[in-house]
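Asker: Supplied structure: structure_37.csv, CSV, C-alpha atoms.
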```
chain,number,residue,atom,x,y,z
A,204,MET,CA,0.0,0.0,0.0
A,205,LEU,CA,1.1,3.6,-0.5
A,206,PRO,CA,2.5,5.3,2.6
A,207,THR,CA,0.2,7.7,4.3
A,208,ALA,CA,0.5,11.2,5.7
A,209,ARG,CA,-1.6,13.0,8.2
A,210,LYS,CA,-3.4,16.2,7.1
A,211,LEU,CA,-1.5,19.4,7.6
A,212,VAL,CA,-2.4,21.8,10.3
A,213,PHE,CA,-1.6,25.1,8.6
A,214,SER,CA,0.3,26.5,11.5
A,215,GLU,CA,2.9,23.8,11.0
A,216,VAL,CA,4.1,25.2,7.7
A,217,PRO,CA,3.7,29.0,8.2
A,218,ILE,CA,2.8,31.5,5.6
A,219,VAL,CA,5.2,34.4,5.4
A,220,ASP,CA,3.8,37.6,3.9
A,221,LEU,CA,6.7,39.2,1.9
A,222,GLY,CA,4.7,42.5,1.4
A,223,PRO,CA,6.3,44.4,4.3
A,224,ALA,CA,9.8,43.6,3.0
A,225,TRP,CA,9.1,45.6,-0.1
A,226,ARG,CA,7.8,48.5,2.0
A,227,ASP,CA,10.7,49.7,4.2
A,228,GLU,CA,13.6,48.6,6.4
A,229,ALA,CA,11.4,47.8,9.4
A,230,GLY,CA,9.2,45.6,7.2
A,231,ARG,CA,12.3,43.8,5.9
A,232,ALA,CA,13.4,43.1,9.5
A,233,GLU,CA,9.9,41.8,10.3
A,234,VAL,CA,9.9,39.4,7.3
A,235,ALA,CA,13.5,38.3,8.0
A,236,ASP,CA,12.5,37.3,11.5
A,237,ALA,CA,9.5,35.3,10.2
A,238,ILE,CA,11.7,33.6,7.7
A,239,ALA,CA,14.3,32.7,10.4
A,240,ALA,CA,11.6,31.2,12.6
A,241,ALA,CA,10.2,29.1,9.8
A,242,ALA,CA,13.5,28.0,8.4
A,243,GLY,CA,14.7,27.0,11.9
A,244,THR,CA,11.7,25.0,12.9
A,245,VAL,CA,10.1,23.6,9.8
A,246,GLY,CA,12.5,24.2,6.9
A,247,PHE,CA,9.4,24.9,4.7
A,248,PHE,CA,7.2,28.0,4.4
A,249,TYR,CA,4.7,29.5,2.0
A,250,VAL,CA,5.3,33.1,0.7
A,251,ARG,CA,2.6,35.4,-0.4
A,252,ASN,CA,2.9,38.9,-2.0
A,253,HIS,CA,6.0,37.4,-3.7
A,254,GLY,CA,5.8,39.7,-6.7
A,255,LEU,CA,5.0,37.2,-9.5
A,256,ALA,CA,1.7,37.7,-11.3
A,257,GLU,CA,-0.9,34.9,-11.3
A,258,GLN,CA,-0.6,34.9,-15.1
A,259,ASP,CA,3.1,34.3,-14.9
A,260,VAL,CA,2.5,31.2,-12.9
A,261,ARG,CA,-0.4,30.0,-15.1
A,262,ASP,CA,1.8,30.4,-18.2
A,263,VAL,CA,4.6,28.3,-16.9
A,264,PHE,CA,2.2,25.5,-15.8
A,265,GLN,CA,0.8,25.5,-19.3
A,266,THR,CA,4.3,25.3,-20.6
A,267,ALA,CA,4.9,22.3,-18.5
A,268,VAL,CA,1.7,20.6,-19.7
A,269,ASP,CA,2.6,21.3,-23.3
A,270,PHE,CA,6.1,19.9,-23.0
A,271,HIS,CA,5.1,16.7,-21.2
A,272,ARG,CA,2.4,16.0,-23.6
A,273,LEU,CA,4.9,15.8,-26.5
A,274,PRO,CA,5.5,12.4,-27.9
A,275,LEU,CA,8.2,10.5,-26.0
A,276,GLU,CA,10.5,10.4,-29.0
A,277,ALA,CA,10.4,14.3,-29.1
A,278,LYS,CA,11.3,14.5,-25.4
A,279,MET,CA,14.0,11.8,-25.7
A,280,GLU,CA,15.6,14.0,-28.4
A,281,VAL,CA,16.8,16.2,-25.6
A,282,SER,CA,17.5,13.5,-23.0
A,283,LEU,CA,19.9,14.6,-20.3
A,284,LYS,CA,21.7,11.3,-21.0
A,285,LEU,CA,23.0,12.9,-24.2
A,286,ASN,CA,25.0,15.6,-22.3
A,287,ASP,CA,27.2,15.8,-19.3
A,288,HIS,CA,25.7,18.8,-17.6
A,289,ALA,CA,22.4,17.5,-16.3
A,290,GLN,CA,20.2,19.6,-18.6
A,291,GLY,CA,17.3,18.5,-20.7
A,292,TYR,CA,14.7,15.8,-20.3
A,293,LEU,CA,14.7,13.3,-17.5
A,294,HIS,CA,12.6,10.2,-18.2
A,295,GLY,CA,10.6,8.7,-15.4
A,296,MET,CA,11.8,5.5,-13.6
A,297,THR,CA,15.5,6.4,-13.9
A,298,LYS,CA,18.2,6.9,-11.4
A,299,GLY,CA,22.0,7.2,-11.1
A,300,ASN,CA,24.6,4.8,-9.8
A,301,ASP,CA,23.4,4.5,-6.2
A,302,ALA,CA,22.1,1.0,-5.8
A,303,ASN,CA,20.5,1.8,-2.5
A,304,ILE,CA,17.8,4.1,-3.8
A,305,LYS,CA,14.6,3.5,-5.8
A,306,GLU,CA,13.7,5.1,-9.1
A,307,ASN,CA,11.3,8.1,-9.1
A,308,LEU,CA,8.1,8.1,-11.1
A,309,GLN,CA,8.5,11.8,-12.0
A,310,GLU,CA,9.7,13.1,-15.3
A,311,ALA,CA,11.3,16.5,-15.8
A,312,PHE,CA,12.7,19.0,-18.2
A,313,GLN,CA,15.4,21.1,-16.5
A,314,ILE,CA,17.6,24.0,-17.6
A,315,ARG,CA,20.0,26.6,-16.3
A,316,ARG,CA,20.4,30.0,-17.9
A,317,PRO,CA,21.8,29.4,-21.4
A,318,LEU,CA,25.5,30.4,-21.7
A,319,ALA,CA,26.7,32.6,-24.5
A,320,ASP,CA,28.8,30.9,-27.2
A,321,ASP,CA,31.9,32.6,-26.0
A,322,ASP,CA,31.4,32.0,-22.3
A,323,PRO,CA,34.6,30.7,-20.7
A,324,ASP,CA,32.8,28.0,-18.8
A,325,LEU,CA,31.2,26.7,-22.0
A,326,LEU,CA,34.5,26.7,-23.8
A,327,ALA,CA,36.2,25.0,-20.9
A,328,GLY,CA,33.4,22.3,-20.8
A,329,LYS,CA,32.9,22.7,-17.0
A,330,PRO,CA,30.6,20.1,-15.4
A,331,LEU,CA,27.0,21.2,-14.8
A,332,HIS,CA,27.3,23.8,-17.5
A,333,GLY,CA,26.9,23.8,-21.2
A,334,ARG,CA,24.5,24.5,-24.1
A,335,ILE,CA,20.8,23.7,-23.3
A,336,PRO,CA,19.2,21.1,-25.6
A,337,TRP,CA,15.8,22.6,-26.7
A,338,PRO,CA,13.3,20.2,-28.4
A,339,SER,CA,12.7,20.8,-32.1
A,340,ALA,CA,9.1,19.8,-31.6
A,341,MET,CA,8.5,22.8,-29.3
A,342,PRO,CA,10.4,25.8,-30.7
A,343,ASP,CA,8.8,28.3,-28.3
A,344,LEU,CA,9.9,26.4,-25.2
A,345,LYS,CA,13.0,28.5,-24.6
A,346,PRO,CA,11.3,31.9,-24.6
A,347,ARG,CA,8.4,30.6,-22.5
A,348,MET,CA,10.7,29.1,-19.9
A,349,MET,CA,13.1,32.0,-19.8
A,350,ALA,CA,10.2,34.5,-19.3
A,351,TYR,CA,9.4,32.7,-16.0
A,352,TYR,CA,13.1,32.1,-15.2
A,353,ASP,CA,14.0,35.8,-15.2
A,354,LYS,CA,11.1,36.6,-12.9
A,355,ILE,CA,11.6,33.8,-10.4
A,356,ASN,CA,15.4,34.3,-10.5
A,357,GLY,CA,14.8,37.9,-9.4
A,358,LEU,CA,12.7,36.7,-6.5
A,359,GLY,CA,15.4,34.2,-5.6
A,360,TYR,CA,18.0,36.9,-5.1
A,361,ARG,CA,15.6,39.1,-3.1
A,362,LEU,CA,14.9,36.1,-0.8
A,363,LEU,CA,18.7,35.5,-0.5
A,364,GLU,CA,19.0,39.1,0.9
A,365,LEU,CA,16.3,38.3,3.4
A,366,PHE,CA,18.1,35.1,4.4
A,367,GLU,CA,21.3,37.2,5.0
A,368,LEU,CA,19.3,39.7,7.1
A,369,SER,CA,17.7,36.8,9.1
A,370,LEU,CA,21.1,35.5,10.0
A,371,GLY,CA,22.6,38.9,10.9
A,372,LEU,CA,25.1,38.6,8.0
A,373,ALA,CA,26.5,41.6,6.1
A,374,ALA,CA,24.7,42.3,2.9
A,375,GLY,CA,26.2,40.3,0.0
A,376,THR,CA,27.7,37.6,2.2
A,377,LEU,CA,25.6,34.8,0.7
A,378,LYS,CA,25.4,36.4,-2.7
A,379,ALA,CA,29.2,36.2,-3.0
A,380,SER,CA,28.7,32.4,-3.6
A,381,PHE,CA,26.5,33.0,-6.6
A,382,ALA,CA,29.1,34.8,-8.8
A,383,LYS,CA,28.1,32.6,-11.7
A,384,ASP,CA,24.4,32.1,-12.3
A,385,MET,CA,23.8,28.3,-12.1
A,386,ASN,CA,20.2,28.5,-10.8
A,387,SER,CA,17.9,25.9,-12.3
A,388,LEU,CA,14.3,25.8,-13.5
A,389,ARG,CA,12.5,22.4,-13.7
A,390,LEU,CA,9.2,21.4,-15.3
A,391,LEU,CA,8.0,18.3,-13.3
A,392,HIS,CA,5.2,15.9,-14.2
A,393,TYR,CA,4.0,13.2,-11.8
A,394,PRO,CA,1.6,10.4,-13.0
A,395,PRO,CA,-1.2,9.5,-10.6
A,396,GLN,CA,-0.6,6.7,-8.1
A,397,ARG,CA,-3.3,4.2,-7.0
A,398,PRO,CA,-3.9,3.7,-3.3
A,399,ASP,CA,-3.3,-0.1,-3.6
A,400,GLU,CA,0.2,0.3,-5.1
A,401,SER,CA,3.1,-1.1,-3.1
A,402,GLY,CA,4.8,2.2,-2.5
A,403,GLU,CA,8.1,0.8,-3.8
A,404,HIS,CA,8.3,3.7,-6.2
A,405,LEU,CA,7.0,7.2,-5.4
A,406,GLY,CA,6.7,10.4,-7.5
A,407,ALA,CA,9.8,11.6,-5.7
A,408,ARG,CA,11.4,9.5,-3.0
A,409,GLY,CA,12.3,11.1,0.3
A,410,HIS,CA,15.2,13.5,-0.1
A,411,THR,CA,16.6,16.9,0.8
A,412,ASP,CA,17.5,19.6,-1.8
A,413,THR,CA,21.2,19.9,-2.6
A,414,ASN,CA,21.1,23.7,-3.2
A,415,ALA,CA,20.7,26.8,-1.1
A,416,PHE,CA,16.9,26.9,-1.2
A,417,THR,CA,14.1,26.1,-3.6
A,418,ILE,CA,11.0,28.1,-4.7
A,419,LEU,CA,8.2,25.9,-5.8
A,420,ALA,CA,5.0,26.5,-7.6
A,421,GLN,CA,2.6,23.6,-7.3
A,422,ASP,CA,-0.7,22.9,-9.1
A,423,ALA,CA,-4.0,22.3,-7.3
A,424,ASN,CA,-3.6,18.5,-7.0
A,425,GLY,CA,-1.2,18.4,-4.0
A,426,GLY,CA,1.2,15.6,-3.3
A,427,LEU,CA,4.1,17.3,-1.6
A,428,GLU,CA,4.8,15.9,1.9
A,429,VAL,CA,7.5,17.0,4.4
A,430,ARG,CA,8.8,14.9,7.3
A,431,ASN,CA,8.7,16.7,10.7
A,432,ARG,CA,11.0,16.3,13.7
A,433,ASP,CA,8.8,13.5,15.1
A,434,GLY,CA,9.3,11.4,11.9
A,435,GLU,CA,5.7,12.1,10.7
A,436,TRP,CA,5.0,12.8,7.1
A,437,VAL,CA,2.8,16.0,6.8
A,438,ALA,CA,1.0,17.1,3.6
A,439,VAL,CA,1.9,20.5,2.2
A,440,PRO,CA,-1.1,21.3,0.1
A,441,PRO,CA,-1.3,24.2,-2.4
A,442,VAL,CA,-2.4,27.5,-1.0
A,443,GLU,CA,-3.8,30.0,-3.5
A,444,GLY,CA,-1.6,32.9,-4.2
A,445,THR,CA,1.5,31.5,-2.6
A,446,LEU,CA,4.7,29.8,-3.5
A,447,VAL,CA,6.5,27.3,-1.3
A,448,VAL,CA,10.1,27.9,-0.2
A,449,ASN,CA,12.3,25.2,1.4
A,450,VAL,CA,15.8,25.2,2.9
A,451,GLY,CA,18.4,23.2,1.0
A,452,GLU,CA,21.6,21.5,2.2
A,453,VAL,CA,23.8,24.5,1.4
A,454,LEU,CA,21.8,26.9,3.6
A,455,LYS,CA,21.8,24.2,6.3
A,456,VAL,CA,25.6,24.1,6.1
A,457,TRP,CA,26.0,27.8,6.1
A,458,THR,CA,23.9,28.0,9.3
A,459,ASP,CA,25.6,24.9,10.9
A,460,GLY,CA,22.2,23.2,11.1
A,461,VAL,CA,20.3,26.1,12.6
A,462,PHE,CA,18.1,26.1,9.5
A,463,THR,CA,16.5,22.8,8.7
A,464,SER,CA,16.9,21.1,5.4
A,465,ALA,CA,13.8,19.0,5.7
A,466,VAL,CA,13.2,15.7,4.1
A,467,HIS,CA,10.4,15.8,1.6
A,468,ARG,CA,8.7,13.5,-1.0
A,469,VAL,CA,5.9,13.6,-3.5
A,470,ILE,CA,3.1,11.1,-3.8
A,471,ASN,CA,0.4,12.0,-6.3
A,472,ARG,CA,-2.8,10.6,-4.7
A,473,SER,CA,-5.1,13.0,-6.6
A,474,GLY,CA,-6.0,10.7,-9.5
A,475,ASN,CA,-4.9,13.4,-11.9
A,476,GLU,CA,-1.7,14.3,-13.7
A,477,ARG,CA,0.3,16.5,-11.3
A,478,TYR,CA,2.7,19.3,-12.4
A,479,SER,CA,5.0,21.4,-10.3
A,480,ILE,CA,7.6,24.0,-11.1
A,481,PRO,CA,10.6,24.2,-8.8
A,482,PHE,CA,13.3,26.8,-9.1
A,483,PHE,CA,16.6,25.9,-7.4
A,484,MET,CA,19.1,28.5,-6.1
A,485,TYR,CA,22.5,27.0,-6.8
A,486,PRO,CA,25.9,28.4,-5.7
A,487,SER,CA,28.6,28.7,-8.3
A,488,PHE,CA,30.5,25.6,-9.1
A,489,ASP,CA,33.7,26.8,-7.4
A,490,ALA,CA,32.0,28.3,-4.3
A,491,TRP,CA,33.6,27.2,-1.0
A,492,ILE,CA,30.9,26.0,1.4
A,493,GLN,CA,31.3,25.9,5.2
A,494,PRO,CA,29.4,27.1,8.3
A,495,LEU,CA,29.2,30.9,8.5
A,496,ILE,CA,27.7,30.9,12.0
A,497,ARG,CA,28.0,28.4,14.8
A,498,ASN,CA,25.0,26.5,16.0
A,499,PRO,CA,24.4,27.3,19.7
A,500,ASP,CA,22.4,24.1,20.1
A,501,PRO,CA,24.3,21.5,18.1
A,502,ALA,CA,22.3,18.6,19.4
A,503,ASN,CA,19.1,20.1,17.9
A,504,VAL,CA,19.7,19.3,14.2
A,505,ALA,CA,17.4,17.5,11.8
A,506,PRO,CA,18.7,14.0,10.7
A,507,GLU,CA,21.5,14.1,8.1
A,508,ASP,CA,21.5,10.5,7.0
A,509,LEU,CA,20.2,10.7,3.5
A,510,PRO,CA,22.2,10.3,0.2
A,511,THR,CA,21.5,14.0,-0.4
A,512,SER,CA,22.9,15.2,3.0
A,513,PHE,CA,25.9,17.5,2.9
A,514,PRO,CA,28.5,17.5,5.6
A,515,ARG,CA,28.9,20.4,8.1
A,516,ASP,CA,32.2,19.2,9.7
A,517,ARG,CA,34.5,19.9,6.7
A,518,PRO,CA,34.5,22.6,4.0
A,519,PHE,CA,34.0,21.6,0.4
A,520,VAL,CA,33.8,23.0,-3.1
A,521,TYR,CA,30.2,23.1,-4.0
A,522,GLY,CA,30.4,21.8,-7.6
A,523,GLU,CA,32.6,18.9,-6.8
A,524,LEU,CA,30.2,17.6,-4.1
A,525,LYS,CA,27.2,18.4,-6.3
A,526,ALA,CA,28.6,16.5,-9.3
A,527,ARG,CA,29.0,13.4,-7.1
A,528,ASN,CA,25.5,13.7,-5.8
A,529,VAL,CA,24.1,14.1,-9.4
A,530,ALA,CA,25.9,10.9,-10.4
A,531,ARG,CA,24.2,9.0,-7.5
A,532,ILE,CA,20.6,10.1,-8.3
A,533,MET,CA,20.5,10.9,-12.0
A,534,PRO,CA,21.4,8.9,-15.1
A,535,GLN,CA,24.6,10.0,-16.8
A,536,LYS,CA,25.6,10.7,-20.4
A,537,SER,CA,25.4,7.5,-22.5
A,538,ALA,CA,28.6,6.2,-24.0
A,539,ALA,CA,28.7,7.0,-27.7
```
Show this structure as structure tokens.

Answerer:
Amino acid sequence: MLPTARKLVFSEVPIVDLGPAWRDEAGRAEVADAIAAAAGTVGFFYVRNHGLAEQDVRDVFQTAVDFHRLPLEAKMEVSLKLNDHAQGYLHGMTKGNDANIKENLQEAFQIRRPLADDDPDLLAGKPLHGRIPWPSAMPDLKPRMMAYYDKINGLGYRLLELFELSLGLAAGTLKASFAKDMNSLRLLHYPPQRPDESGEHLGARGHTDTNAFTILAQDANGGLEVRNRDGEWVAVPPVEGTLVVNVGEVLKVWTDGVFTSAVHRVINRSGNERYSIPFFMYPSFDAWIQPLIRNPDPANVAPEDLPTSFPRDRPFVYGELKARNVARIMPQKSAA
């Protein structure tokens, strides 16, 4: 049988109103405090008055539907198994080289900002970079995705400033690790799951995000679940007019575990096709990641025993650790 989750009590995943942050410095401080409380106790929170128009969100969901309804051969034309920088189409029921994890049912199309032809990283063939493969069957996919990317990317950097303020860090402290824009936009599709399924495969298995933080738009079907400190799985249903923000492993490391990188999963119980649009804030490949503050209560840290968990006890170069993680969870470039 599929695993179950109890119904969310809304106070468990708070809603943070970003409106005051756009008003004045006092409002920014108020919002930063609310973000710190949510990030330190839940690791997830909704944001409203985030600055994206409802039409922007509707448009990107339609883009996801249009892409995932393409014939399989059209999507496989841009399979991420054809490149070495984890961009393009991810087929469902695939995984990387980690024999201890199960395949996800989800399928995805994922991009980073396209590099110019003369970009040094492109010319050097750096991992996790490169030219984006756009499907010939959907020639308008690039402008449609980039229209949303530019807007959600702007929100991401505004939230980064609020995270800095919430931690009492000097302005620009966290942004210094984002010298190269490696943020990523993903169009996700989850097929429905029957209640009598074994639960061996889920839409997305339990994991933490291996970035700084994620901004998620989810459709009306629900399916996102987060594990709380008591080990209970709690549903995080869509709330009209909001986006969901969750802390990733990098922000966990920067805060020495003060902010919680919460384990989450997706089970599509709705009976409908589910779509979601996550945007991942990724540090630059060569960013040096280590705690920037010390945890005053080191015993009070969420479990760090997943394949996606990042260490807090030794500094690391972000891209090197990220590349190893990608190899564990995603299929790699096929041998020619």

Asker: Need to verify the contact set: A:Thr511, 10 Å, only C-alpha atoms, exclusion of same-chain residues closer than 3 positions in sequence. Can you return it as a ChimeraX atom specification?

Answerer: /A:409-413,451-452,466,507-508,514,525,528-529,531-532

Asker: With distances taken over all atoms listed in the file, which residue among A:Ala235, A:Val263, A:Ile335, A:Ala340 lies nearest A:Ile355?

Answerer: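 Smallest distance to A:Ile355 is found for A:Val263.
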
Asker: What gap, in Å, lies between atom CA of A:Val439 and atom CA of A:Tyr360?

Answerer: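 Value for the atom CA of A:Val439-atom CA of A:Tyr360 distance: 24.1 Å.
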
Asker: Mind listing as a list in words all residues within 9 Å of (11.3, 12.7, -2.7), counting all atoms listed in the file?

Answerer: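 Neighbouring residues, ordered by chain and number, come to Asn307, Leu405, Gly406, Ala407, Arg408, Gly409, His410, Thr411, Leu427, Glu428, Val466, His467, Arg468, Val469 and Ile470 of chain A.
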
Asker: Write out as an NGL selection string the residues lying within 12 Å of A:Pro342, counting all atoms listed in the file and excluding same-chain residues fewer than 6 positions away.

Answerer: :A and (266 or 269-270 or 277 or 336 or 348)

Asker: For the residues in that selection, give me C-alpha atoms as a compact mmCIF listing (two decimals), in the coordinates of the input.

Answerer:
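Once written, again_28.txt looks like this:
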```txt
# COMPACT_ATOMS: atom_id res chain seq x y z
CA THR A 266 4.30 25.30 -20.60
CA ASP A 269 2.60 21.30 -23.30
CA PHE A 270 6.10 19.90 -23.00
CA ALA A 277 10.40 14.30 -29.10
CA PRO A 336 19.20 21.10 -25.60
CA MET A 348 10.70 29.10 -19.90
```

Asker: For a quick check of understanding, using only C-alpha atoms, which of A:Ile218, A:Ala350, A:Leu446, A:Val456 has the smallest distance to A:Arg316?

Answerer: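 Of A:Ile218, A:Ala350, A:Leu446, A:Val456, the one nearest A:Arg316, counting only C-alpha atoms, is A:Ala350.
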
Asker: Which value, in Å to one decimal, gives the distance between atom CA of A:Leu454 and atom CA of A:Gln493?

Answerer: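 About the pair atom CA of A:Leu454 and atom CA of A:Gln493: they are 9.7 Å apart.
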
Asker: What separation in Å, quoted to one decimal, exists between atom CA of A:Ala229 and atom CA of A:Leu368?

Answerer: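 Spanning atom CA of A:Ala229 to atom CA of A:Leu368 is a straight-line distance of 11.5 Å.
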
Asker: With only C-alpha atoms as the counted atoms, please give the residues lying no more than 7 Å from A:Asp422, apart from itself and same-chain residues fewer than 6 positions off, as number ranges by chain.

Answerer: A: 441, 477-479

Asker: Restrict the selected residues to C-alpha atoms and save them as a tab-separated table (two decimals), keeping the file's coordinate frame.

Answerer:
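Written file, again.tsv:
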```tsv
chain	number	residue	atom	x	y	z
A	441	PRO	CA	-1.30	24.20	-2.40
A	477	ARG	CA	0.30	16.50	-11.30
A	478	TYR	CA	2.70	19.30	-12.40
A	479	SER	CA	5.00	21.40	-10.30
```

Asker: List the spatial neighbours of A:Arg251 as a PyMOL selection string - criterion: any atom at most 7 Å away, only C-alpha atoms, same-chain residues fewer than 3 positions off excluded.

Answerer: chain A and resi 219-221+444-446

Asker: Taking all atoms listed in the file into account, which of A:Pro510, A:Arg497, A:Val429, A:Asp489 comes nearest A:Glu523?

Answerer: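 Looking only at the distances to A:Glu523, the closest residue turns out to be A:Asp489.
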
Asker: Pick out the closest residue to A:Arg361 from this set: A:Trp225, A:Gly426, A:Gly460, A:Phe381. Count all atoms listed in the file.

Answerer: A:Trp225

Asker: Pick the closest to A:Glu443 from A:Gly425, A:Pro398, A:Pro518, A:Pro346: which is it, counting only C-alpha atoms?

Answerer: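 Closest to A:Glu443 of all the choices is A:Gly425.
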
Asker: Near A:Gly295, counting all atoms listed in the file, which residues have an atom at most 9 Å away, once you skip same-chain residues fewer than 2 positions from it, shown as a list in words?

Answerer: Leu293, Thr297, Lys298, Glu306, Asn307, Leu308, Gln309, Glu310, Ala311, Tyr393 and Gly406 of chain A

Asker: For A:Pro394, which residue among A:Pro338, A:Gly474, A:Ser464, A:Val448 is the nearest when counting only C-alpha atoms?

Answerer: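 When distances to A:Pro394 are compared using only C-alpha atoms, the smallest one comes from A:Gly474.
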
Asker: Counting all atoms listed in the file, find residues at most 9 Å from (-4.0, 3.6, -6.7) (file frame) and give them as a list in words.

Answerer: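 Residues found, by chain and rising number: Met204, Leu205, Pro395, Gln396, Arg397, Pro398, Asp399, Glu400, Arg472 and Gly474 of chain A.
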
Asker: Hey, can you spit out that residue selection with C-alpha atoms as a short mmCIF file (atom, residue, chain, number, x, y, z; two decimals), keeping the file's coordinate frame?

Answerer:
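Saved the output as selection.cif:
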```cif
data_model
loop_
_atom_site.label_atom_id
_atom_site.label_comp_id
_atom_site.auth_asym_id
_atom_site.auth_seq_id
_atom_site.Cartn_x
_atom_site.Cartn_y
_atom_site.Cartn_z
CA MET A 204 0.00 0.00 0.00
CA LEU A 205 1.10 3.60 -0.50
CA PRO A 395 -1.20 9.50 -10.60
CA GLN A 396 -0.60 6.70 -8.10
CA ARG A 397 -3.30 4.20 -7.00
CA PRO A 398 -3.90 3.70 -3.30
CA ASP A 399 -3.30 -0.10 -3.60
CA GLU A 400 0.20 0.30 -5.10
CA ARG A 472 -2.80 10.60 -4.70
CA GLY A 474 -6.00 10.70 -9.50
#
```
